[in-house]
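Everything below concerns the one structure shown next.
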Amino acid sequence: MNLNATNVIEKQELLELLPHKGKMHLLSRLTDYDLEKKTVAAETDIAEDFIFYEEDFGGAPDWSVFEIMAQSISALTGIICRRNNVPPMAGCILSISDFSMDGKAFPLGSKISVTSEEEFFDAESGIYRYKSVAFCSDRPGTQCAKATLTVMQMDNIEDLLKK
């Protein structure tokens, strides 16, 4: 991904693009996105108010990265919704495969950088599959996690829960 300053979206604007609010809003910013290639790069700053912060770890557990990956995908679909003049849609993670991580917590004050790229999309079902990788600022140049996420976007999540 080539970073382009015009594709940076800070947290305040992200609140308009994501259905996630309050403590469930995990992303600090988008650093890049490409609607044609269906790619997104996002960052999360690990602070004490991060929902997955655990004092015992002195940061966030490594498994929390897949939630950040999923929310980066949601942010990209939020940009697409905005372009199409529709509100952001809810979604859910259907599966996580090929998940590996280095087993280290993300320390307080560190930054997690995630990039995700669409591999598959079925418009009829609203199912997407993305490959995601993550890096942490406390271990420069070393991939700390990777995963393939299958997610489903829907107009109304309550309808799904009733079925």
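Chain labels A, B, ... are given in the sequence in which chains occur in the structure tokens; within each chain residues are numbered consecutively from 1, and ligands are likewise numbered from 1 in the order shown.
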
Residues near A:Leu94, cut-off 10 Å, only C-alpha atoms, skip fewer than 2 positions along chain, as a PyMOL selection string:
chain A and resi 91-92+96+127-129+149-152

Determine which residues of stretch 78-131 of chain A receive a DSSP assignment of strand (DSSP E), computed from the backbone, and state them as a PyMOL selection string.
chain A and resi 90-101+106-107+111-122+127-131

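Close contacts of stretch 80-85 of chain A, defined as residues with an atom at most 8 Å away when counting only C-alpha atoms, with chain neighbours fewer than 4 positions off set aside, comprise Leu17, Leu35, Leu76 and Met89 of chain A.
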
To one decimal place in Å, what is the distance between atom CA of A:Phe66 and atom CA of A:Pro87?
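It comes out at 24.1 Å.
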
Determine, counting only C-alpha atoms, which protein, DNA and RNA residues have an atom within 9 Å of an atom of A:Met24; residues of the same chain fewer than 4 positions away are not included. Present the result as a PyMOL selection string.
chain A and resi 20+50-51

File dump, residues just selected, N, CA and C atoms, as a PDB file, in the first residue's frame:
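Below is the file out.pdb, written as the result:
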```
ATOM      1  N   HIS A  20     -19.621   0.718  15.337  1.00  0.00           N
ATOM      2  CA  HIS A  20     -19.016   0.520  16.648  1.00  0.00           C
ATOM      3  C   HIS A  20     -18.889   1.857  17.376  1.00  0.00           C
ATOM      4  N   PHE A  50      -8.359   1.349  26.208  1.00  0.00           N
ATOM      5  CA  PHE A  50      -8.626   0.349  25.175  1.00  0.00           C
ATOM      6  C   PHE A  50      -9.388  -0.799  25.835  1.00  0.00           C
ATOM      7  N   ILE A  51     -10.504  -1.214  25.260  1.00  0.00           N
ATOM      8  CA  ILE A  51     -11.402  -2.172  25.910  1.00  0.00           C
ATOM      9  C   ILE A  51     -10.710  -3.473  26.307  1.00  0.00           C
TER      10      ILE A  51
END
```

Using only C-alpha atoms, I'd like a table of the residues in stretch 89-117 of chain A that come within 8 Å of stretch 131-139 of chain A; for each, show the closest atom pair and its distance in Å rounded to one decimal, ordered by chain and ascending number, as a Markdown table.
```
| residue | atom | partner | partner_atom | distance |
| --- | --- | --- | --- | --- |
| A:Phe106 | CA | A:Cys136 | CA | 7.1 |
| A:Pro107 | CA | A:Asp138 | CA | 7.6 |
| A:Ser110 | CA | A:Ser137 | CA | 5.6 |
| A:Lys111 | CA | A:Ser137 | CA | 5.2 |
| A:Ile112 | CA | A:Cys136 | CA | 4.5 |
| A:Ser113 | CA | A:Phe135 | CA | 5.2 |
| A:Val114 | CA | A:Ala134 | CA | 4.4 |
| A:Thr115 | CA | A:Ser132 | CA | 5.6 |
| A:Ser116 | CA | A:Ser132 | CA | 4.2 |
| A:Glu117 | CA | A:Lys131 | CA | 5.4 |
```

If we count only C-alpha atoms, what is near A:Leu30 at a cut-off of 6 Å, once residues fewer than 3 positions away on the same chain are taken out, given as a list of chain:residue names?
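Near neighbours after the sequence-gap exclusion: A:Val8, A:Ile9, A:Ala41, A:Ala42.
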
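Among the candidates A:Lys38, A:Leu26, A:Pro19, A:Ala147, the one nearest to A:Glu119 when counting only C-alpha atoms is A:Lys38.
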
So how many Å separate atom CA of A:Glu55 and atom CA of A:Lys23, to one decimal?
16.6 Å

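Close contacts of A:Gly103, defined as residues with an atom at most 9 Å away when counting only C-alpha atoms, with chain neighbours fewer than 6 positions off set aside, comprise Pro61, Asp62, Trp63, Cys144 and Ala145 of chain A.
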
Any chance you could list, as a list in words, the residues in stretch 50-90 of chain A that come up alpha helix (DSSP H) when DSSP is run on the backbone?
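The alpha helix (DSSP H) subset of stretch 50-90 of chain A is Val65, Phe66, Glu67, Ile68, Met69, Ala70, Gln71, Ser72, Ile73, Ser74, Ala75, Leu76, Thr77, Gly78, Ile79, Ile80, Cys81, Arg82 and Arg83 of chain A.
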